[in-house]
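Here's the structure, in structure tokens; my notes come after.
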Amino acid sequence: MSRSGVGPEQHRQGSEADATATPFQAREHQHIRYNPLQDEWVLVSAHRMKRPWQGQVEPSLLKTVPRHDPHNPLCPGATRANGEVNPHYDSTFLFDNDFPALQPDAPNPGPSDHPLFQAEAARGVCKVLCFHPWSDVTLPLMSVPEIRAVVDVWASVTEDLGGQYPWVQIFENKGAMMGCSNPHPHCQVWASSFLPDIAQREERCQRAYQSQHGEPLLMEYGRQELLRKERLVLTSEHWLVLVPFWAVWPFQTLLLPRRHVRRLPELTPAERDDLAFIMKKLLTKYDNLFETSFPYTMGWHGAPMGSEAGANWDHWQLHAHYYPPLLRSSTVRKFMVGYEMLAQAQRDLTPEQMSSSCTGLSRVLVAVATALVSAASSCPQAWGPPGVQYGQSGRSMTLCCPGVTAGVPVSWFRDGETRLLQGPDSGLGHELVLALADSTDEGTYICRTLDGALGGMVTLQLGYPPARPVVSCRAADYENFSCTWSPSQVSGLPTRYLTSYRKKTVPGADGQRVSPSTGPWPCPQDPPGATRCVVHGAEFWSQYRINVTEVNPLGASTRLLDVSLQSILRPDPPQGLRVESVPGYPRRLRASWMYPASWPRQPHFLLKFRLQYRPVQHPAWSMVEPAGLEEVITDAVAGLPHAVRVSARDFLDAGTWSAWSPEAWGTPSTGPGLCPYPAWIILVRSCLPSGPLPKEIPAGGKPYTQPKENPQMDSPAPPRPSLLPDPRPLDHRDPLEQMAVLASLGIFSCLGLAAGALALGLWLRLKPDGKDGPQKPGFLAPMIPVDKLPGETKKSVC
């Protein structure tokens with residue numbers, strides 16, 4: 001029954017009466033769907049996915065988490081808030097929550113004094129279960145045997161706490177978007193003395209359906225979904241994953257066992273193995289959907305236990321809910337607000353569209369990855385050469401006799417040894433268990449049947465699970481880019497890499513988010529098996545997400561990298577660099593070069609260049625930025641060979657500068673037939689003592705003769721001269737200029753002496769002599785009458 005008291009059949013009839021002539025299409029027309037498991041209705045409005053999104057965008061989910069943080073209270077050996085120190089666990093770790101929401105000894109609030117104010121006692125226990133000792137892994141990155149260990153703990157803790165409490169809720173919040181405050185892989189277990197609201201609704205609905213139809217609700221629902229094949233995501237021998245017809249969250253799924261099972265402890269070993277396998281596959285699909293570590297909340301619902309465990313719960317079917325919040329991309333989530341909080345649940349993407357996305361998107365990656373990583377059985381499938389099994393150092397290892405039927409007892413020996421390792425009466429059948437295997441356990445093992453016949457041979461090789469590879473990308477032009485990678489740690493096992501890329505879309509773009517134009521597409525490795533893949537025909541202004549997954553027999557680890565061509569653009573170095581002398585100019589060199597061959601012949605985007613040069617005997621570089629494909633160096637050191645190199649960059653400053661081109665060498669021209677001296681210096685030279693005209697004034701006053709020009713110095717790649725630093729300081733002055741400066745100083749000195757001598761002669765010529773006659777009056781005397789001088793009589797001033 002619905003909350004209004006009208007059942008789904010009445011709703012359907014009313015809808016048909018009001019229907020118009022327009023044919024109904026679930027992907028285009030809004031409608032409501034009934035949830036028979038929780039007696040709820042959900043409004044489906046698929047057309048709203050076309051609306052532009054201008055709301056909140058979550059921060060990127062890509063975050064590097066350290067493998068072990070001694071300050072993280074969930075890591076092995078760390079100290080928690082209550083002062084307890086965690087053991088150095090190597091698998092799962094279950095402990096009491098240090099800040100529990102339920103405690104076993106809470107007092108009873110007593111009777112209520114009014115029916116509108118009721119309260120009852122709430123008691124319980126809260127525990128935390130760590131999945132793995134490493135903080136940088138999640139369930140999809142763990143191996144199937146490691147996930148199986150988690151399933152076993154779920155079953156055991158349910159059985160233990162269920163003996164005292166009627167409800168045991170196992171749930172995992174993954175990702176900060178779901179309120180998870182610690183990235184270490186873990187879940188929580190809350191056992192309560194009361195049945196929560198959702199559990200009560202599921203109990204009431206399943207009991208009513210069983211009473212009316214004679215079989216469990218979810219058993220019939222699973223069979224119908226298998227027949228319709230509209231919302232199936234995954235199926236296996238014992239489990240199926242589907243999108244519920246009444247799903248509320250965008251990519252919500254329901255995990256169901258094919259067999260009628262009421263609680264987790266009732267699962268058989270085969271069903272637990274298969275559960276670990278299908279969980280890994282489902283969560284890998286989630287991660288590949290938006291190529292991010294997919295956030296979600298999940299939890300198990302089983303039949304009540306405690307004092308009610310002995311009652312008839314055949315109407316219950318064990319199931320798990322997955323509620324991921326992401327809607328359009330890894331940064332756009334669905335908010336349950338407004339109408340959802342005040343009226344009823346509403347969703348934009350139909351469950352059928354979501355199912356097709358999960359089934360089709362990244363199907364190649366998921367299929368290949370799950371085929372390469374550990375299999376669901378307790379004995380890992382061969383990965384590589386036949387007869388070889390792989391295991392992790394420091395972990396227990398199970399070997400299987402390859403030539404006998406499962407369960408048949410065999411005897412185990414080391415190859416070349418007669419000592420019996422394990423007899424047929426061990427109860428392990430065809431399996432050999434090695435506890436805490438190390439390097440001494442590596443080698444070949446032989447298994448024999450009861451009659452002594454050879455059952456088979458198994459070679460054990462130990463190593464480590466893969467870690468996230470180190471990935472970097474570079475674009476040599478504006479149409480293509482390549483990505484290279486390397487392992488962040490050595491696993492010691494055969495390793496392969498799965499590479500793909502997708503074009504990132506702008507949130508709110510029209511149309512469906514998943515389309516052939518956005519990918520994902522394989523990133524072809526060039527050549528096959530190399531640690532490099534190339535993306536051709538990329539768009540310069542678009543963003544891309546690169547997915548490089550390292551896979552070995554123990555699992556898989558993914559590195560996601562967001563790139564844009566304009567940020568990773570780094571052209572190849574310019575080619576054909578030539579350095580030539582300029583005849584008649586002893587301090588000039590002409591350098592020329594060409595665009596790199598990888599740059600488009602008719603580029604829409606040009607390159608700019610920078611050029612460095614130096615005398616080969618000196619380490620300091622000079623640099624200029626040429627305007628074209630050549631540059632004339634005007635301050636070269638005459639007579640010395642020079643090294644020149646060039647780099648390039650996009651003319652709009654996108655990306656970074658290229659690497660430097662190979663160096664080319666050249667020597668300024670001082671060849672015969674050229675007059676290196678100006679005419680006035682030759683004129684001055686004629687006034688100097690006879691002797692040969694020096695070509696250079698050496699430093700320190702020691703004679704120095706300029707070496708003869710080597711005709712090979714102008715070639716692009718001459719014999720490399722010594723790079724040892726010259727003990728003499730770098731002097732850019734030309735010897736001829738030095739000579740001219742000295743000559744100029746001499747001329748100005750002569751002119752100064754001549755001017756001084758002339759001034760002295762004029763002064764001597766005009767100097768008065770007092771002994772030979774009266775002195776001439778001063779030139780100021782006529783200007784002052786003698787009779788005007790106070791206190792003087794008229795007389796001659798002389």
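For the structure tokens, the naming scheme is as follows: chains receive sequential letters (A, B, ...) according to their order of presentation, residues are indexed from 1 within each chain, and ligands are indexed from 1 in presentation order.
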
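Excluding Gly655 (chain A) itself and same-chain residues fewer than 3 positions from it, the residues having an atom within 6 Å of it are Gln566, Ser567, Ile568, Leu569 and Arg570 of chain A, counting only C-alpha atoms.
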
Produce a file of the selected residues containing N, CA and C atoms, as an mmCIF file, in the first residue's frame.
data_model
loop_
_atom_site.group_PDB
_atom_site.id
_atom_site.type_symbol
_atom_site.label_atom_id
_atom_site.label_comp_id
_atom_site.auth_asym_id
_atom_site.auth_seq_id
_atom_site.Cartn_x
_atom_site.Cartn_y
_atom_site.Cartn_z
ATOM 1 N N GLN A 566 47.014 22.194 -23.908
ATOM 2 C CA GLN A 566 47.667 23.487 -23.762
ATOM 3 C C GLN A 566 48.581 23.550 -22.547
ATOM 4 N N SER A 567 48.400 22.648 -21.580
ATOM 5 C CA SER A 567 49.276 22.656 -20.402
ATOM 6 C C SER A 567 50.445 21.680 -20.543
ATOM 7 N N ILE A 568 50.301 20.624 -21.348
ATOM 8 C CA ILE A 568 51.378 19.638 -21.491
ATOM 9 C C ILE A 568 52.120 19.798 -22.811
ATOM 10 N N LEU A 569 51.796 20.859 -23.569
ATOM 11 C CA LEU A 569 52.455 21.068 -24.861
ATOM 12 C C LEU A 569 53.927 21.377 -24.648
ATOM 13 N N ARG A 570 54.789 20.577 -25.259
ATOM 14 C CA ARG A 570 56.233 20.811 -25.216
ATOM 15 C C ARG A 570 56.812 20.341 -26.551
#

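The shortest atom-to-atom distance to Pro641 (chain A), with only C-alpha atoms taken into account, belongs to A:Leu589 out of A:Leu589, A:Leu460, A:Ala620, A:Ala754.
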
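Straight-line separation from CA of Tyr595 (chain A) to CA of Pro571 (chain A): 9.5 Å.
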
I'd like to know which residues of region 249-354 of chain A are helix (DSSP H, G or I) (by DSSP, run on the backbone); could you write them as a PDB file with C-alpha atoms, in the first residue's frame?
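Okay, out-v4.pdb is ready:
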ATOM      1  CA  LEU A 264      25.337 -13.657   5.943  1.00  0.00           C
ATOM      2  CA  PRO A 265      26.432 -16.575   8.179  1.00  0.00           C
ATOM      3  CA  GLU A 266      24.293 -18.925   6.041  1.00  0.00           C
ATOM      4  CA  PRO A 269      32.135 -21.218   0.989  1.00  0.00           C
ATOM      5  CA  ALA A 270      31.410 -21.205  -2.746  1.00  0.00           C
ATOM      6  CA  GLU A 271      28.893 -18.387  -2.334  1.00  0.00           C
ATOM      7  CA  ARG A 272      31.404 -16.381  -0.284  1.00  0.00           C
ATOM      8  CA  ASP A 273      34.080 -16.842  -2.952  1.00  0.00           C
ATOM      9  CA  ASP A 274      31.649 -15.755  -5.638  1.00  0.00           C
ATOM     10  CA  LEU A 275      30.520 -12.798  -3.533  1.00  0.00           C
ATOM     11  CA  ALA A 276      34.099 -11.542  -3.241  1.00  0.00           C
ATOM     12  CA  PHE A 277      34.528 -11.900  -7.000  1.00  0.00           C
ATOM     13  CA  ILE A 278      31.346 -10.068  -7.982  1.00  0.00           C
ATOM     14  CA  MET A 279      31.949  -7.300  -5.413  1.00  0.00           C
ATOM     15  CA  LYS A 280      35.343  -6.603  -6.936  1.00  0.00           C
ATOM     16  CA  LYS A 281      33.838  -6.564 -10.406  1.00  0.00           C
ATOM     17  CA  LEU A 282      30.976  -4.248  -9.410  1.00  0.00           C
ATOM     18  CA  LEU A 283      33.211  -1.777  -7.562  1.00  0.00           C
ATOM     19  CA  THR A 284      35.684  -1.769 -10.463  1.00  0.00           C
ATOM     20  CA  LYS A 285      32.817  -0.821 -12.756  1.00  0.00           C
ATOM     21  CA  TYR A 286      31.896   1.986 -10.359  1.00  0.00           C
ATOM     22  CA  ASP A 287      35.470   3.326 -10.416  1.00  0.00           C
ATOM     23  CA  ASN A 288      35.598   3.126 -14.207  1.00  0.00           C
ATOM     24  CA  LEU A 289      32.249   4.866 -14.634  1.00  0.00           C
ATOM     25  CA  GLY A 306      18.721 -11.956  18.785  1.00  0.00           C
ATOM     26  CA  SER A 307      15.768 -13.227  20.768  1.00  0.00           C
ATOM     27  CA  GLU A 308      13.754 -13.331  17.536  1.00  0.00           C
ATOM     28  CA  TYR A 339      11.214  18.105  -2.662  1.00  0.00           C
ATOM     29  CA  GLU A 340      13.030  14.947  -1.561  1.00  0.00           C
ATOM     30  CA  MET A 341      13.007  16.042   2.076  1.00  0.00           C
ATOM     31  CA  LEU A 342       9.511  17.511   2.109  1.00  0.00           C
ATOM     32  CA  PRO A 351      17.239   3.110 -13.763  1.00  0.00           C
ATOM     33  CA  GLU A 352      17.356   1.636 -17.284  1.00  0.00           C
ATOM     34  CA  GLN A 353      19.741   4.369 -18.458  1.00  0.00           C
ATOM     35  CA  MET A 354      21.939   3.859 -15.424  1.00  0.00           C
TER      36      MET A 354
END

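The list of residues with at least one atom within 7 Å of Asp477 (chain A), based on only C-alpha atoms and without residues fewer than 2 positions apart in the same chain, reads Ala475, Glu479, Asn480, Leu569, Pro571, Ser598 and Trp599 of chain A.
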
Write a file of the just-selected residues containing all heavy atoms, as a short mmCIF file (atom, residue, chain, number, x, y, z; two decimals), in the first residue's frame.
data_model
loop_
_atom_site.label_atom_id
_atom_site.label_comp_id
_atom_site.auth_asym_id
_atom_site.auth_seq_id
_atom_site.Cartn_x
_atom_site.Cartn_y
_atom_site.Cartn_z
N ALA A 475 52.71 16.64 -24.99
CA ALA A 475 52.25 16.84 -26.36
C ALA A 475 53.37 17.49 -27.15
O ALA A 475 53.85 18.58 -26.80
CB ALA A 475 51.00 17.72 -26.38
N GLU A 479 48.01 18.41 -31.85
CA GLU A 479 47.04 17.44 -32.32
C GLU A 479 47.18 16.07 -31.66
O GLU A 479 46.25 15.28 -31.69
CB GLU A 479 47.14 17.27 -33.83
CG GLU A 479 46.78 18.53 -34.62
CD GLU A 479 46.96 18.34 -36.11
OE1 GLU A 479 47.64 17.37 -36.51
OE2 GLU A 479 46.42 19.16 -36.88
N ASN A 480 48.34 15.76 -31.08
CA ASN A 480 48.60 14.44 -30.51
C ASN A 480 49.35 14.61 -29.21
O ASN A 480 50.08 15.59 -29.01
CB ASN A 480 49.43 13.59 -31.48
CG ASN A 480 48.89 13.61 -32.90
OD1 ASN A 480 47.90 12.99 -33.20
ND2 ASN A 480 49.56 14.35 -33.78
N LEU A 569 51.80 20.86 -23.57
CA LEU A 569 52.45 21.07 -24.86
C LEU A 569 53.93 21.38 -24.65
O LEU A 569 54.28 22.33 -23.94
CB LEU A 569 51.77 22.21 -25.62
CG LEU A 569 52.35 22.53 -27.00
CD1 LEU A 569 52.19 21.34 -27.94
CD2 LEU A 569 51.68 23.77 -27.58
N PRO A 571 57.06 21.27 -27.46
CA PRO A 571 57.53 20.85 -28.79
C PRO A 571 58.86 20.11 -28.70
O PRO A 571 59.61 20.21 -27.72
CB PRO A 571 57.67 22.18 -29.54
CG PRO A 571 56.91 23.18 -28.74
CD PRO A 571 56.96 22.71 -27.32
N SER A 598 58.20 17.03 -36.09
CA SER A 598 56.92 16.61 -35.49
C SER A 598 55.88 17.72 -35.49
O SER A 598 54.71 17.46 -35.27
CB SER A 598 57.16 16.13 -34.05
OG SER A 598 57.73 17.17 -33.28
N TRP A 599 56.29 18.96 -35.71
CA TRP A 599 55.32 20.07 -35.74
C TRP A 599 54.64 20.09 -37.10
O TRP A 599 55.28 19.82 -38.11
CB TRP A 599 56.04 21.38 -35.47
CG TRP A 599 55.12 22.48 -35.00
CD1 TRP A 599 54.66 23.52 -35.73
CD2 TRP A 599 54.57 22.63 -33.70
NE1 TRP A 599 53.86 24.33 -34.98
CE2 TRP A 599 53.78 23.81 -33.71
CE3 TRP A 599 54.66 21.91 -32.52
CZ2 TRP A 599 53.09 24.26 -32.60
CZ3 TRP A 599 53.97 22.36 -31.41
CH2 TRP A 599 53.20 23.51 -31.45
#

message: I'd like the neighbourhood of Phe99 (chain A) as a PyMOL selection string, where a residue qualifies if any of its atoms comes within 10 Å (using only C-alpha atoms), though same-chain residues fewer than 4 positions away should be ignored.
response: chain A and resi 81-82+103+126-127

Would you export the selected residues with N, CA, C and O atoms as a short mmCIF file (atom, residue, chain, number, x, y, z; two decimals), in the first residue's frame, please?
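Output (again01.cif):
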data_model
loop_
_atom_site.label_atom_id
_atom_site.label_comp_id
_atom_site.auth_asym_id
_atom_site.auth_seq_id
_atom_site.Cartn_x
_atom_site.Cartn_y
_atom_site.Cartn_z
N ALA A 81 42.69 7.16 19.80
CA ALA A 81 42.36 8.27 20.70
C ALA A 81 42.27 7.81 22.14
O ALA A 81 42.55 8.60 23.07
N ASN A 82 41.92 6.56 22.39
CA ASN A 82 41.80 6.08 23.78
C ASN A 82 43.12 5.56 24.33
O ASN A 82 43.15 5.01 25.43
N GLN A 103 25.84 2.22 23.17
CA GLN A 103 26.58 1.59 24.26
C GLN A 103 25.70 0.54 24.93
O GLN A 103 24.47 0.70 24.99
N CYS A 126 29.07 -0.83 18.90
CA CYS A 126 29.59 -0.32 17.63
C CYS A 126 31.03 -0.79 17.46
O CYS A 126 31.85 -0.64 18.37
N LYS A 127 31.31 -1.35 16.30
CA LYS A 127 32.65 -1.85 16.00
C LYS A 127 33.14 -1.28 14.68
O LYS A 127 32.35 -0.79 13.85
#

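In terms of minimum interatomic distance to Thr268 (chain A), A:Val151 ranks closest within A:Val151, A:Leu751, A:Ala176, A:Leu577, counting only C-alpha atoms.
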
Selection: 12 Å around Ala659 (chain A), only C-alpha atoms, excl. self and same-chain fewer than 6 positions, as a PDB file with N, CA and C atoms, in the first residue's frame:
ATOM      1  N   ALA A 476      53.807  16.827 -28.237  1.00  0.00           N
ATOM      2  CA  ALA A 476      54.850  17.381 -29.089  1.00  0.00           C
ATOM      3  C   ALA A 476      54.278  18.326 -30.137  1.00  0.00           C
ATOM      4  N   ARG A 570      54.789  20.577 -25.259  1.00  0.00           N
ATOM      5  CA  ARG A 570      56.233  20.811 -25.216  1.00  0.00           C
ATOM      6  C   ARG A 570      56.812  20.341 -26.551  1.00  0.00           C
ATOM      7  N   PRO A 571      57.061  21.266 -27.459  1.00  0.00           N
ATOM      8  CA  PRO A 571      57.532  20.849 -28.785  1.00  0.00           C
ATOM      9  C   PRO A 571      58.856  20.113 -28.704  1.00  0.00           C
ATOM     10  N   ASP A 572      59.158  19.370 -29.777  1.00  0.00           N
ATOM     11  CA  ASP A 572      60.473  18.789 -29.916  1.00  0.00           C
ATOM     12  C   ASP A 572      61.476  19.903 -30.208  1.00  0.00           C
ATOM     13  N   PRO A 573      62.769  19.671 -29.959  1.00  0.00           N
ATOM     14  CA  PRO A 573      63.762  20.727 -30.227  1.00  0.00           C
ATOM     15  C   PRO A 573      63.831  21.064 -31.708  1.00  0.00           C
ATOM     16  N   PRO A 574      64.159  22.310 -32.053  1.00  0.00           N
ATOM     17  CA  PRO A 574      64.356  22.664 -33.459  1.00  0.00           C
ATOM     18  C   PRO A 574      65.428  21.786 -34.107  1.00  0.00           C
ATOM     19  N   GLN A 575      65.341  21.647 -35.428  1.00  0.00           N
ATOM     20  CA  GLN A 575      66.255  20.773 -36.158  1.00  0.00           C
ATOM     21  C   GLN A 575      67.093  21.583 -37.139  1.00  0.00           C
ATOM     22  N   PRO A 596      60.785  21.730 -35.822  1.00  0.00           N
ATOM     23  CA  PRO A 596      60.918  20.277 -35.630  1.00  0.00           C
ATOM     24  C   PRO A 596      60.003  19.522 -36.588  1.00  0.00           C
ATOM     25  N   PHE A 609      61.243  31.120 -30.468  1.00  0.00           N
ATOM     26  CA  PHE A 609      62.503  30.455 -30.193  1.00  0.00           C
ATOM     27  C   PHE A 609      63.343  31.307 -29.250  1.00  0.00           C
ATOM     28  N   ARG A 610      64.265  30.648 -28.603  1.00  0.00           N
ATOM     29  CA  ARG A 610      65.309  31.323 -27.842  1.00  0.00           C
ATOM     30  C   ARG A 610      66.634  30.662 -28.196  1.00  0.00           C
ATOM     31  N   LEU A 611      67.696  31.465 -28.236  1.00  0.00           N
ATOM     32  CA  LEU A 611      69.008  30.993 -28.681  1.00  0.00           C
ATOM     33  C   LEU A 611      70.035  31.328 -27.617  1.00  0.00           C
ATOM     34  N   ARG A 645      72.965  26.779 -29.313  1.00  0.00           N
ATOM     35  CA  ARG A 645      71.850  25.857 -29.214  1.00  0.00           C
ATOM     36  C   ARG A 645      70.543  26.645 -29.203  1.00  0.00           C
ATOM     37  N   VAL A 646      69.421  25.962 -29.577  1.00  0.00           N
ATOM     38  CA  VAL A 646      68.135  26.625 -29.743  1.00  0.00           C
ATOM     39  C   VAL A 646      67.047  25.765 -29.096  1.00  0.00           C
ATOM     40  N   SER A 647      66.015  26.400 -28.524  1.00  0.00           N
ATOM     41  CA  SER A 647      64.820  25.705 -28.061  1.00  0.00           C
ATOM     42  C   SER A 647      63.594  26.441 -28.565  1.00  0.00           C
ATOM     43  N   ALA A 648      62.413  25.783 -28.480  1.00  0.00           N
ATOM     44  CA  ALA A 648      61.184  26.328 -29.055  1.00  0.00           C
ATOM     45  C   ALA A 648      60.044  26.240 -28.048  1.00  0.00           C
ATOM     46  N   ARG A 649      59.018  27.078 -28.294  1.00  0.00           N
ATOM     47  CA  ARG A 649      57.806  27.078 -27.477  1.00  0.00           C
ATOM     48  C   ARG A 649      56.656  27.644 -28.301  1.00  0.00           C
TER      49      ARG A 649
END

query: In Å, with one decimal, what is the gap from CA of Thr92 (chain A) to CA of Pro185 (chain A)?
result: 10.0 Å

field: Point-to-point distance from CA of Val261 (chain A) to CA of Trp239 (chain A), Å rounded to tenths
entry: 11.2 Å

message: What's around Val168 (chain A) at 12 Å? Count only C-alpha atoms, leave out sequence neighbours fewer than 3 positions away in its own chain, and write the answer as number ranges by chain.
response: A: 124-127, 154-165, 171, 188-196, 199, 263-264, 299-306

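Remark: for Met623 (chain A), the closest of the candidate residues A:Ala591, A:Val644, A:Cys400, A:Val408 is A:Val644 (distances computed over only C-alpha atoms).
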